[in-house]
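Undergrad: Sharing entry01.txt here; it has compact mmCIF, C-alpha atoms.
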# COMPACT_ATOMS: atom_id res chain seq x y z
CA MET G 1 0.00 0.00 0.00
CA GLN G 2 1.14 3.49 -0.80
CA THR G 3 1.98 5.89 2.02
CA LEU G 4 1.27 9.61 2.23
CA TYR G 5 3.26 11.53 4.80
CA TYR G 6 0.87 13.85 6.56
CA ILE G 7 1.80 17.23 8.03
CA PRO G 8 -1.39 18.18 9.88
CA ALA G 9 -0.47 21.77 10.72
CA LEU G 10 1.50 24.39 8.82
CA ASN G 11 2.48 27.39 10.89
CA THR G 12 5.26 29.29 9.13
CA THR G 13 7.12 28.87 5.85
CA GLU G 14 10.28 28.06 7.84
CA HIS G 15 8.33 25.38 9.70
CA ILE G 16 7.26 23.79 6.41
CA ALA G 17 10.78 23.83 4.99
CA SER G 18 12.19 22.26 8.11
CA MET G 19 9.59 19.47 8.18
CA LEU G 20 10.12 18.74 4.50
CA SER G 21 13.79 18.37 5.11
CA ASP G 22 13.07 15.88 7.93
CA ILE G 23 10.62 13.78 5.93
CA GLY G 24 12.55 13.92 2.68
CA PRO G 25 11.26 15.98 -0.23
CA GLU G 26 11.13 12.91 -2.48
CA LYS G 27 8.29 11.50 -0.37
CA GLU G 28 4.62 12.01 -1.20
CA ILE G 29 3.27 14.56 1.23
CA LEU G 30 -0.19 15.61 2.37
CA PHE G 31 -0.41 19.14 3.74
CA GLY G 32 -3.06 19.46 6.43
CA GLU G 33 -5.41 22.21 7.46
CA TYR G 34 -4.94 22.29 11.22
CA GLY G 35 -2.26 24.98 11.48
CA ALA G 36 -2.13 28.75 11.38
CA MET G 37 -1.62 28.65 7.61
CA LEU G 38 -3.74 27.12 4.90
CA PRO G 39 -2.05 24.30 3.00
CA LEU G 40 -2.50 26.40 -0.14
CA ALA G 41 0.48 28.34 1.23
CA ALA G 42 2.81 25.35 0.86
CA PRO G 43 4.03 26.41 -2.62
CA ALA G 44 5.14 29.73 -1.13
CA ALA G 45 7.48 27.76 1.11
CA GLY G 46 9.08 26.03 -1.87
CA ALA G 47 7.46 22.76 -0.82
CA MET G 48 6.34 21.53 -4.23
CA ASN G 49 9.54 19.99 -5.56
CA GLY G 50 10.13 16.29 -5.13
CA GLY G 51 7.40 13.66 -4.70
CA LYS G 52 3.71 14.22 -5.27
CA ARG G 53 2.00 16.88 -3.19
CA PHE G 54 -1.53 16.58 -1.85
CA ILE G 55 -3.73 19.10 -0.16
CA GLU G 56 -6.15 18.26 2.62
CA ILE G 57 -9.59 19.80 2.37
CA ILE G 58 -11.64 19.52 5.53
CA LEU G 59 -15.32 20.28 5.43
CA SER G 60 -15.91 21.43 8.98
CA ASN G 61 -14.84 24.97 8.13
CA LYS G 62 -15.93 25.67 4.58
CA ASN G 63 -19.05 25.76 2.49
CA ARG G 64 -19.38 24.34 -1.02
CA ASP G 65 -18.14 27.54 -2.68
CA LEU G 66 -14.94 27.63 -0.66
CA ALA G 67 -14.46 23.88 -1.13
CA ALA G 68 -14.67 24.34 -4.91
CA ALA G 69 -12.35 27.36 -4.85
CA SER G 70 -9.85 25.44 -2.71
CA LEU G 71 -9.83 22.52 -5.15
CA VAL G 72 -9.33 24.72 -8.18
CA SER G 73 -6.68 26.82 -6.45
CA ALA G 74 -4.81 23.69 -5.35
CA ALA G 75 -4.71 22.36 -8.89
CA GLN G 76 -3.56 25.73 -10.26
CA LEU G 77 -0.84 25.97 -7.62
CA GLY G 78 0.60 22.61 -8.62
CA PHE G 79 -0.83 20.16 -6.13
CA ASP G 80 -1.20 16.67 -7.58
CA GLY G 81 -4.36 15.83 -5.70
CA VAL G 82 -6.58 16.21 -2.70
CA VAL G 83 -7.57 14.25 0.36
CA ILE G 84 -11.10 15.15 1.38
CA ALA G 85 -12.01 14.81 5.06
CA SER G 86 -14.93 15.80 7.22
CA GLY G 87 -12.45 17.14 9.74
CA VAL G 88 -11.83 16.58 13.40
CA PHE G 89 -14.55 18.22 15.42
CA GLY G 90 -14.74 18.82 19.13
CA LYS G 91 -16.82 21.03 21.36
CA LYS G 92 -14.99 23.88 23.04
CA GLU G 93 -15.82 27.16 24.72
CA GLY G 94 -16.31 30.10 22.40
CA MET G 95 -15.97 27.98 19.28
CA GLY G 96 -17.05 29.21 15.86
CA LYS G 97 -20.04 27.76 14.11
CA PRO G 98 -19.10 24.49 12.38
CA VAL G 99 -19.96 24.57 8.68
CA TYR G 100 -20.33 21.07 7.22
CA ASP G 101 -22.17 22.44 4.22
CA LEU G 102 -20.91 19.36 2.39
CA ASP G 103 -20.20 15.93 3.74
CA PRO G 104 -17.33 13.87 2.29
CA SER G 105 -19.60 12.08 -0.22
CA GLN G 106 -20.96 15.41 -1.47
CA ALA G 107 -17.44 16.88 -1.64
CA LEU G 108 -16.37 13.83 -3.64
CA MET G 109 -19.21 14.50 -6.09
CA LEU G 110 -18.10 18.13 -6.31
CA ALA G 111 -14.47 17.20 -7.03
CA THR G 112 -15.30 14.54 -9.61
CA THR G 113 -17.72 16.91 -11.34
CA LEU G 114 -15.03 19.61 -11.52
CA ARG G 115 -12.66 17.06 -12.99
CA LYS G 116 -15.20 15.88 -15.55
CA GLN G 117 -15.80 19.49 -16.53
CA LYS G 118 -12.01 19.90 -16.88
CA THR G 119 -12.01 22.67 -14.30
CA LEU G 120 -9.60 20.33 -12.51
CA PRO G 121 -6.99 18.58 -14.64
CA GLU G 122 -7.64 14.93 -15.48
CA THR G 123 -4.45 14.05 -13.63
CA PHE G 124 -5.67 15.63 -10.39
CA THR G 125 -6.06 12.75 -7.94
CA ILE G 126 -9.02 12.59 -5.60
CA GLY G 127 -8.63 10.76 -2.32
CA ILE G 128 -10.98 10.66 0.62
CA ARG G 129 -10.57 9.91 4.29
CA THR G 130 -12.54 6.72 4.72
CA PRO G 131 -14.18 5.19 7.77
CA THR G 132 -13.16 1.67 8.69
CA GLY G 133 -14.05 -1.00 11.18
CA SER G 134 -17.79 -1.55 10.75
CA GLY G 135 -20.29 -2.70 8.14
CA ALA G 136 -21.54 0.86 7.73
CA ALA G 137 -18.00 2.09 7.16
CA HIS G 138 -17.23 -0.63 4.66
CA GLU G 139 -20.32 0.19 2.60
CA ARG G 140 -19.36 3.86 2.58
CA ALA G 141 -15.89 2.91 1.27
CA ARG G 142 -17.58 1.04 -1.56
CA PHE G 143 -19.70 4.10 -2.31
CA PHE G 144 -16.57 6.26 -2.55
CA ILE G 145 -14.89 3.93 -5.02
CA GLU G 146 -18.05 3.49 -7.11
CA ASN G 147 -18.41 7.26 -7.30
CA GLY G 148 -15.01 8.21 -8.55
CA ALA G 149 -12.58 8.32 -5.63
CA ASP G 150 -9.09 7.41 -6.83
CA PHE G 151 -8.00 6.25 -3.42
CA LEU G 152 -9.25 5.70 0.11
CA ALA G 153 -7.13 7.33 2.80
CA VAL G 154 -6.88 5.56 6.14
CA PRO G 155 -4.63 6.06 9.17
CA GLU G 156 -1.79 3.72 10.03
CA GLY G 157 -3.12 0.46 11.42
CA ALA G 158 -6.43 0.62 9.58
CA SER G 159 -7.29 -1.30 6.44
CA ILE G 160 -10.07 -1.96 3.98
CA PRO G 161 -9.32 -5.48 2.71
CA GLU G 162 -11.75 -5.38 -0.22
CA PHE G 163 -10.12 -2.24 -1.58
CA GLU G 164 -6.52 -2.82 -0.56
CA ASP G 165 -5.27 -1.76 -3.98
CA LYS G 166 -7.12 1.54 -3.63
CA THR G 167 -6.05 2.23 -0.05
CA VAL G 168 -3.41 4.77 0.91
CA ILE G 169 -1.97 4.91 4.41
CA ILE G 170 -1.76 8.34 5.99
CA LYS G 171 1.37 8.43 8.12
CA GLU G 172 1.27 11.41 10.41
CA TYR G 173 4.54 13.28 10.71
CA LYS G 174 5.45 13.93 14.33
CA ARG G 175 8.53 15.57 15.66
CA MET W 176 -42.36 20.79 21.29
CA ILE W 177 -40.28 23.95 21.61
CA VAL W 178 -37.80 23.46 24.44
CA THR W 179 -37.01 26.57 26.46
CA GLU W 180 -34.72 27.33 29.37
CA LYS W 181 -34.93 30.08 31.94
CA LYS W 182 -32.75 33.16 31.60
CA ASP W 183 -30.88 34.38 34.63
CA LEU W 184 -33.31 36.30 36.82
CA ASN W 185 -30.81 39.14 37.39
CA ARG W 186 -30.86 39.82 33.65
CA ILE W 187 -34.64 40.06 33.67
CA GLN W 188 -34.56 42.41 36.64
CA ALA W 189 -31.94 44.58 34.94
CA LEU W 190 -34.09 44.81 31.81
CA LEU W 191 -37.02 45.96 33.95
CA LYS W 192 -34.97 48.59 35.79
CA ASP W 193 -36.94 51.59 34.57
CA ARG W 194 -40.29 49.88 34.23
CA ASN W 195 -42.67 49.45 37.09
CA ASN W 196 -46.06 48.33 35.76
CA ILE W 197 -45.63 44.82 34.50
CA ILE W 198 -47.73 41.99 33.06
CA ILE W 199 -46.33 38.47 33.18
CA VAL W 200 -47.38 36.13 30.38
CA GLY W 201 -46.91 32.37 30.42
CA CYS W 202 -47.46 29.66 27.83
CA SER W 203 -49.63 26.71 28.77
CA GLU W 204 -48.29 24.56 25.95
CA CYS W 205 -44.57 24.03 25.34
CA ALA W 206 -43.14 26.27 28.08
CA ALA W 207 -45.54 24.77 30.61
CA ALA W 208 -44.33 21.27 29.70
CA CYS W 209 -40.74 22.46 30.08
CA GLN W 210 -41.66 23.96 33.45
CA THR W 211 -40.25 27.26 32.30
CA GLY W 212 -43.45 29.12 31.52
CA GLY W 213 -46.42 27.35 33.08
CA SER W 214 -48.69 28.93 35.67
CA ALA W 215 -46.34 27.88 38.51
CA GLN W 216 -43.41 29.65 36.83
CA VAL W 217 -45.55 32.72 36.14
CA LYS W 218 -46.40 32.87 39.86
CA GLU W 219 -42.75 32.33 40.74
CA MET W 220 -41.69 35.18 38.44
CA ALA W 221 -44.26 37.50 40.04
CA GLU W 222 -42.81 36.67 43.47
CA HIS W 223 -39.27 37.31 42.25
CA LEU W 224 -40.05 40.70 40.78
CA THR W 225 -40.21 42.38 44.16
CA GLY W 226 -40.83 46.11 44.07
CA LYS W 227 -42.65 45.89 40.74
CA ASN W 228 -46.33 46.55 40.30
CA ILE W 229 -47.62 43.33 38.75
CA LEU W 230 -50.78 44.45 36.97
CA ALA W 231 -51.74 40.98 35.79
CA THR W 232 -50.50 37.48 35.21
CA ILE W 233 -51.89 35.39 32.41
CA SER W 234 -51.22 31.98 30.88
CA ILE W 235 -52.04 31.79 27.20
CA GLU W 236 -52.66 28.46 25.50
CA ALA W 237 -50.31 29.24 22.60
CA PRO W 238 -48.89 32.77 22.76
CA CYS W 239 -47.01 32.12 19.51
CA ASP W 240 -50.40 32.06 17.75
CA LYS W 241 -51.36 35.68 17.23
CA ARG W 242 -55.05 34.80 17.03
CA ILE W 243 -55.00 33.21 20.47
CA ALA W 244 -52.70 35.86 21.94
CA THR W 245 -55.01 38.63 20.65
CA ARG W 246 -58.09 36.92 22.05
CA ASP W 247 -56.58 36.23 25.47
CA MET W 248 -54.90 39.61 25.90
CA ARG W 249 -58.32 41.23 25.43
CA ARG W 250 -59.27 39.70 28.79
CA ILE W 251 -56.79 42.03 30.47
CA GLN W 252 -57.28 45.04 28.18
CA GLU W 253 -57.33 47.58 30.97
CA GLU W 254 -54.14 46.27 32.61
CA LEU W 255 -52.48 46.10 29.21
CA GLU W 256 -53.18 49.76 28.57
CA ASN W 257 -51.37 50.65 31.80
CA ALA W 258 -48.49 48.21 31.37
CA GLU W 259 -45.00 49.52 30.70
CA ALA W 260 -43.74 46.08 29.71
CA LEU W 261 -44.67 42.42 29.46
CA VAL W 262 -42.45 39.65 30.75
CA ALA W 263 -42.92 36.65 28.47
CA LEU W 264 -42.21 33.15 29.72
CA THR W 265 -42.52 31.83 26.18
CA CYS W 266 -40.39 30.82 23.25
CA GLY W 267 -38.97 33.46 20.92
CA SER W 268 -41.95 33.17 18.60
CA GLY W 269 -44.24 33.85 21.54
CA VAL W 270 -42.25 36.93 22.55
CA GLN W 271 -42.48 38.37 19.05
CA ALA W 272 -46.16 37.53 18.65
CA LEU W 273 -46.92 39.25 21.96
CA SER W 274 -44.95 42.31 20.89
CA GLU W 275 -46.82 42.50 17.58
CA VAL W 276 -50.20 41.89 19.19
CA THR W 277 -49.85 44.34 22.10
CA GLY W 278 -47.43 46.94 20.73
CA LYS W 279 -45.77 46.90 24.17
CA PRO W 280 -42.13 46.18 25.02
CA VAL W 281 -41.81 42.47 25.81
CA ILE W 282 -38.96 41.11 27.93
CA ALA W 283 -37.96 37.57 26.90
CA ALA W 284 -37.53 35.62 30.11
CA LEU W 285 -36.57 32.36 28.40
CA ASP W 286 -33.99 31.15 25.93
CA THR W 287 -35.38 29.05 23.08
CA SER W 288 -33.25 25.95 22.68
CA PHE W 289 -34.61 23.46 20.18
CA LEU W 290 -37.52 21.51 18.77
CA GLY W 291 -37.65 18.62 21.20
CA MET W 292 -38.94 15.11 21.48
CA VAL W 293 -40.25 14.46 24.99
CA GLU W 294 -39.39 11.18 26.64
CA ARG W 295 -40.87 12.27 29.93
CA LEU W 296 -40.95 15.56 31.79
CA GLY W 297 -37.40 16.76 32.25
CA LYS W 298 -36.04 14.64 29.41
CA PHE W 299 -36.14 16.48 26.10
CA TYR W 300 -34.15 15.41 23.08
CA GLU W 301 -33.43 17.20 19.83
CA ARG W 302 -34.40 14.96 16.94
CA CYS W 303 -35.24 17.41 14.14
CA SER W 304 -33.30 20.43 12.88
CA HIS W 305 -36.13 21.56 10.61
CA CYS W 306 -33.69 21.66 7.69
CA GLY W 307 -36.54 21.72 5.17
CA ASP W 308 -35.22 18.68 3.30
CA CYS W 309 -36.41 15.66 5.29
CA MET W 310 -34.62 12.37 4.58
CA LEU W 311 -36.22 10.26 7.34
CA ASN W 312 -37.90 7.94 4.84
CA ASP W 313 -34.45 6.75 3.75
CA THR W 314 -32.80 6.56 7.14
CA ALA W 315 -34.97 4.30 9.28
CA GLU W 316 -36.60 7.38 10.86
CA LEU W 317 -33.31 8.51 12.37
CA CYS W 318 -32.31 12.04 11.39
CA PRO W 319 -28.56 12.22 10.76
CA VAL W 320 -28.73 15.96 10.15
CA THR W 321 -29.57 16.27 13.85
CA LEU W 322 -28.20 13.13 15.46
CA CYS W 323 -24.79 13.34 13.81
CA PRO W 324 -22.81 16.26 15.33
CA LYS W 325 -21.47 16.98 11.84
CA GLY W 326 -24.95 16.73 10.31
CA ILE W 327 -23.63 14.36 7.67
CA ARG W 328 -26.26 13.28 5.14
CA ASN W 329 -24.17 10.45 3.69
CA GLY W 330 -22.30 8.83 6.54
CA PRO W 331 -20.54 7.69 8.51
CA CYS W 332 -17.58 10.09 8.56
CA GLU W 333 -14.01 8.92 8.85
CA GLY W 334 -14.04 9.65 12.57
CA ILE W 335 -16.25 6.69 13.51
CA GLU W 336 -14.54 4.64 16.21
CA GLY W 337 -15.78 1.11 15.66
CA THR W 338 -19.47 1.82 16.00
CA LEU W 339 -19.11 4.92 18.21
CA CYS W 340 -19.29 8.62 17.41
CA GLU W 341 -16.03 10.56 17.18
CA VAL W 342 -17.47 13.64 18.84
CA PHE W 343 -19.44 11.90 21.60
CA PRO W 344 -17.48 8.70 22.23
CA ASP W 345 -20.11 7.38 24.66
CA LYS W 346 -22.75 7.43 21.92
CA GLU W 347 -23.33 5.12 19.00
CA CYS W 348 -22.76 6.66 15.57
CA VAL W 349 -26.19 7.36 14.13
CA TRP W 350 -25.03 6.13 10.74
CA HIS W 351 -24.14 2.79 12.30
CA ARG W 352 -27.67 2.63 13.74
CA ILE W 353 -29.18 3.57 10.40
CA TYR W 354 -27.16 0.89 8.63
CA GLU W 355 -28.04 -1.84 11.14
CA THR W 356 -31.75 -0.92 11.24
CA LEU W 357 -32.09 -0.78 7.46
CA LYS W 358 -30.30 -4.12 7.16
CA GLU W 359 -32.63 -5.71 9.73
CA ARG W 360 -35.62 -4.43 7.78
CA GLY W 361 -34.28 -5.71 4.49
CA GLN W 362 -33.90 -2.15 3.22
CA GLY W 363 -30.12 -2.14 2.95
CA ASP W 364 -30.30 -0.59 -0.52
CA LEU W 365 -31.47 2.66 1.05
CA TYR W 366 -28.24 3.01 3.02
CA LEU W 367 -26.14 4.10 0.05
CA ARG W 368 -28.83 6.22 -1.58
CA TYR W 369 -27.05 9.48 -2.28
CA HIS W 370 -28.40 12.60 -0.59
CA ASP W 371 -27.37 15.76 -2.35
CA ALA W 372 -26.15 18.82 -0.51
CA THR W 373 -29.00 20.79 1.02
CA ASP W 374 -30.40 23.48 -1.25
CA TRP W 375 -30.17 26.46 1.07
CA GLY W 376 -31.76 28.58 -1.60
CA LYS W 377 -35.04 27.09 -0.39
CA SER W 378 -34.31 27.75 3.25
CA HIS W 379 -33.31 31.36 3.57
CA LEU W 380 -34.28 32.78 6.93
CA PRO W 381 -36.82 33.89 7.86
CA ARG W 382 -38.91 31.10 6.38
CA GLU W 383 -42.61 31.55 5.69
CA VAL W 384 -45.46 29.30 4.66
CA ILE W 385 -48.33 31.21 3.10
CA TRP W 386 -51.24 29.31 1.62
CA GLU W 387 -52.30 30.46 -1.77
CA LYS W 388 -55.96 31.31 -2.21
CA LYS W 389 -57.84 28.69 -4.24
As C-alpha cells, what does this structure read like?

TA:
Amino acid sequence: MQTLYYIPALNTTEHIASMLSDIGPEKEILFGEYGAMLPLAAPAAGAMNGGKRFIEIILSNKNRDLAAASLVSAAQLGFDGVVIASGVFGKKEGMGKPVYDLDPSQALMLATTLRKQKTLPETFTIGIRTPTGSGAAHERARFFIENGADFLAVPEGASIPEFEDKTVIIKEYKR
Amino acid sequence: MIVTEKKDLNRIQALLKDRNNIIIVGCSECAAACQTGGSAQVKEMAEHLTGKNILATISIEAPCDKRIATRDMRRIQEELENAEALVALTCGSGVQALSEVTGKPVIAALDTSFLGMVERLGKFYERCSHCGDCMLNDTAELCPVTLCPKGIRNGPCEGIEGTLCEVFPDKECVWHRIYETLKERGQGDLYLRYHDATDWGKSHLPREVIWEKK
C-alpha cells in the first residue's frame, strides 16, 4: 500500500521547509489544514519539488463555494491531488459555528464533477478519508470507489481489505 | 415541542430597571411542559419581581399564535393599557407575537433551545433540525442531520470509532444505527442512496409558509 506523509499543521514557511527536510522531499506529502496557515500556502514555502504533493480539504470549516475554490486553487498551484475529510470536530468554549455544508460524499461529487468538466486537470487525484471498522464504514468505502474516488485514505493500522489496492496509508509526521 | 430554558433572573430584573407596571405572560403549551413558563413559573416570576407593580398574570394556551394571543390579551385590556412592559415566559416566537399583538415592550424571560422530542418531563431530546429537506424515509426514521454532530447526510464520517461517534465517544454513531436498522428491515439498498447537498436557496431565513388562495 502506498503511504502519504501527513503534516497536519502548517504554521510558518520556515516550519514547512524544516519538516520537508526531515521527511525527505522525495516522499509524497499531504499538507493538512490544522495549522495557522492554509495548505495552499505550501508552494510559497518552496514545498512543491520532489514527490507528489496533496492538499487536505476539511469540510468542517468551509461551504461548497470555498471547497470548490480550494480545489481549483490547489490544482492551479501545482498540487497533484486532494484528500477530502470531514475534519476533526470537538466542542470547546467560544468555538465558531461548524460549517459542514458538504459531507465527504458530497465533496467527492463536487471534485469529480469539476474534474469531468475539466475545471480540474484529469491528472488531479481525488482521495478521501474513509471510515473503517464496521459494516456501515465498509459500505461507505464502496460508495466512494463506485463514485469516482481514486483512493481511500486511512490512518496507520487501519485497512479496507476489499479495496486494498485503492487504499493509501496516511502516516502522520510527528517531531 | 419547543424546548425553552430560563434566563438568569438578574438579567430580567436589569431589563425591567426603569419599568414598574408589568404583566407576566406564560405559555400553557410548550413552556408549561418544560416547566419554564407554566402557571407555577408565572407565579414564581411574580414573586421574584419584588418592588414591581404586577398588573396581571396570564397563561395563554399558545402565545405564539397571534389569534389566540389577541383573544386572550383582550381579557386584560385595561391592565395592558397601563403596562409599561410584558415579561414573556414563552419561546422566541411567543415573545415576538406578543410584541406584535400588544405593541408593548416584551422582555424575553426564556432562551429558546430546540424543537424537542419528549421522553418524559425533564427529558427532552433534539431529533429534528427543521432543515426543510427531510430524509427520514431513507434513514430508518433517524435524522442524521440532527443526530450526527457533523450533520452528515451520507455517513458515517471517517471519525467513527468502531461503532461509536467521534465527537461523543459514549454514543453510537447514528449512521451505524441507520445501517443496522435498514439491514434488519431488508432495506439495505437505502443506506447508500445518495443525498445531495441541502439546497439552502429554499431555506433562507426567515422562512414563511403562506397558503395560496384557491

Undergrad: Choose the residue, out of W:Gly297, W:Pro238, W:Gly334, W:Gly361, that has the smallest atom-to-atom separation from chain G; count all atoms listed in the file.

TA: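 Going through W:Gly297, W:Pro238, W:Gly334, W:Gly361 one by one, the smallest distance to chain G is for W:Gly334.
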
Undergrad: Identify every residue of chain G that has at least one atom within 10 Å of any atom of chain W, counting all atoms listed in the file, and report the result as an MDAnalysis selection string.

TA: chainID G and resid 59:60 64 85:91 98:107 109:110 128:143 153:155

Undergrad: Skipping near chain neighbours, those fewer than 4 positions away, what residues fall within 9 Å of Glu33 of chain G using only C-alpha atoms, listed as a list of chain:residue names?

TA: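 What passes the distance filter is G:Ile7, G:Pro8, G:Ala9, G:Leu10, G:Met37, G:Leu38, G:Pro39, G:Ile55, G:Glu56, G:Ile57, G:Ile58, G:Gly87.
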
Undergrad: Considering all atoms listed in the file, return as a VMD selection string whatever protein or nucleic-acid residues lie within 6 Å of segment 176-185 of chain W, sequence-local ones (same chain, fewer than 4 positions apart) excluded.

TA: chain W and resid 205 284 to 291

Undergrad: So that I have them on file, write out the residues from the current selection with C-alpha atoms, as a compact mmCIF listing (two decimals), keeping the file's coordinate frame.

TA:
# COMPACT_ATOMS: atom_id res chain seq x y z
CA CYS W 205 -44.57 24.03 25.34
CA ALA W 284 -37.53 35.62 30.11
CA LEU W 285 -36.57 32.36 28.40
CA ASP W 286 -33.99 31.15 25.93
CA THR W 287 -35.38 29.05 23.08
CA SER W 288 -33.25 25.95 22.68
CA PHE W 289 -34.61 23.46 20.18
CA LEU W 290 -37.52 21.51 18.77
CA GLY W 291 -37.65 18.62 21.20

Undergrad: Segment 156-161 of chain G: which residues within 7 Å, counting only C-alpha atoms, same-chain residues fewer than 5 positions away excluded, as number ranges by chain?

TA: G: 132, 169-171

Undergrad: Go through G:Met95, G:Leu71, G:Leu20, G:Leu152 and flag the residue nearest Thr113 of chain G, using all atoms listed in the file for the distances.

TA: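 With all atoms listed in the file as the atom set, the closest residue is G:Leu71.
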
Undergrad: Of the residues G:Asp150, G:Asp80, G:Asp165, G:Glu93, which is the one nearest to Thr123 of chain G, using only C-alpha atoms?

TA: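 Smallest distance to Thr123 of chain G is found for G:Asp80.
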
Undergrad: List as a list in words the residues having at least one atom at most 8 Å from position (3.7, 9.3, 2.7) as given in the file, counting all atoms listed in the file.

TA: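 The requested residues, written out, are Gln2, Thr3, Leu4, Tyr5, Tyr6, Lys27, Glu28, Ile29, Leu30, Ile169, Ile170 and Lys171 of chain G.
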
Undergrad: Taking only C-alpha atoms into account, name the residue in W:Glu294, W:Arg249, W:Gly201, W:Glu256 that is nearest to Gly278 of chain W.

TA: W:Glu256

Undergrad: May I have the protein, DNA and RNA residues with an atom at most 12 Å from (-43.8, 32.5, 37.6), counting all atoms listed in the file in the file's coordinates, returned as a CSV table (one decimal) with C-alpha atoms, keeping the file's coordinate frame?

TA:
chain,number,residue,atom,x,y,z
W,181,LYS,CA,-34.9,30.1,31.9
W,184,LEU,CA,-33.3,36.3,36.8
W,198,ILE,CA,-47.7,42.0,33.1
W,199,ILE,CA,-46.3,38.5,33.2
W,200,VAL,CA,-47.4,36.1,30.4
W,201,GLY,CA,-46.9,32.4,30.4
W,202,CYS,CA,-47.5,29.7,27.8
W,206,ALA,CA,-43.1,26.3,28.1
W,207,ALA,CA,-45.5,24.8,30.6
W,210,GLN,CA,-41.7,24.0,33.4
W,211,THR,CA,-40.2,27.3,32.3
W,212,GLY,CA,-43.4,29.1,31.5
W,213,GLY,CA,-46.4,27.4,33.1
W,214,SER,CA,-48.7,28.9,35.7
W,215,ALA,CA,-46.3,27.9,38.5
W,216,GLN,CA,-43.4,29.6,36.8
W,217,VAL,CA,-45.6,32.7,36.1
W,218,LYS,CA,-46.4,32.9,39.9
W,219,GLU,CA,-42.8,32.3,40.7
W,220,MET,CA,-41.7,35.2,38.4
W,221,ALA,CA,-44.3,37.5,40.0
W,222,GLU,CA,-42.8,36.7,43.5
W,223,HIS,CA,-39.3,37.3,42.2
W,224,LEU,CA,-40.0,40.7,40.8
W,229,ILE,CA,-47.6,43.3,38.8
W,231,ALA,CA,-51.7,41.0,35.8
W,232,THR,CA,-50.5,37.5,35.2
W,233,ILE,CA,-51.9,35.4,32.4
W,234,SER,CA,-51.2,32.0,30.9
W,262,VAL,CA,-42.4,39.6,30.8
W,263,ALA,CA,-42.9,36.6,28.5
W,264,LEU,CA,-42.2,33.2,29.7
W,265,THR,CA,-42.5,31.8,26.2
W,284,ALA,CA,-37.5,35.6,30.1
W,285,LEU,CA,-36.6,32.4,28.4

Undergrad: Quick one: residues within 10 Å of Ala111 of chain G, all atoms listed in the file counted, chain neighbours fewer than 6 positions away excluded, as a list in words?

TA: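 Counting only the stated atoms, we get Ala67, Ala68, Leu71, Val72, Val82, Ile84, Ser105, Gln117, Thr119, Leu120, Phe124, Thr125, Ile126, Gly127, Gly148 and Ala149 of chain G.
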
Undergrad: Residues at most 9 Å from segment 40-45 of chain G, counting all atoms listed in the file, excluding those fewer than 6 positions away in the same chain, as a PyMOL selection string?

TA: chain G and resi 10+12-17+31+55+70+73-74+77-79

Undergrad: Please measure the separation of atom CA of Ala272 of chain W and atom CA of Thr245 of chain W, giving the value in Å to one decimal.

TA: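 Straight-line distance from atom CA of Ala272 of chain W to atom CA of Thr245 of chain W works out to 9.1 Å.
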
Undergrad: Rounded to one decimal, what separation in Å do you get between atom CA of Phe144 of chain G and atom CA of Phe54 of chain G?

TA: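 Atom CA of Phe144 of chain G sits 18.3 Å away from atom CA of Phe54 of chain G.
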
Undergrad: For atom CA of Asn49 of chain G and atom CA of Asn61 of chain G, determine how far apart the two atoms are, in Å to one decimal place.

TA: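 One can read the atom CA of Asn49 of chain G to atom CA of Asn61 of chain G distance as 28.4 Å.
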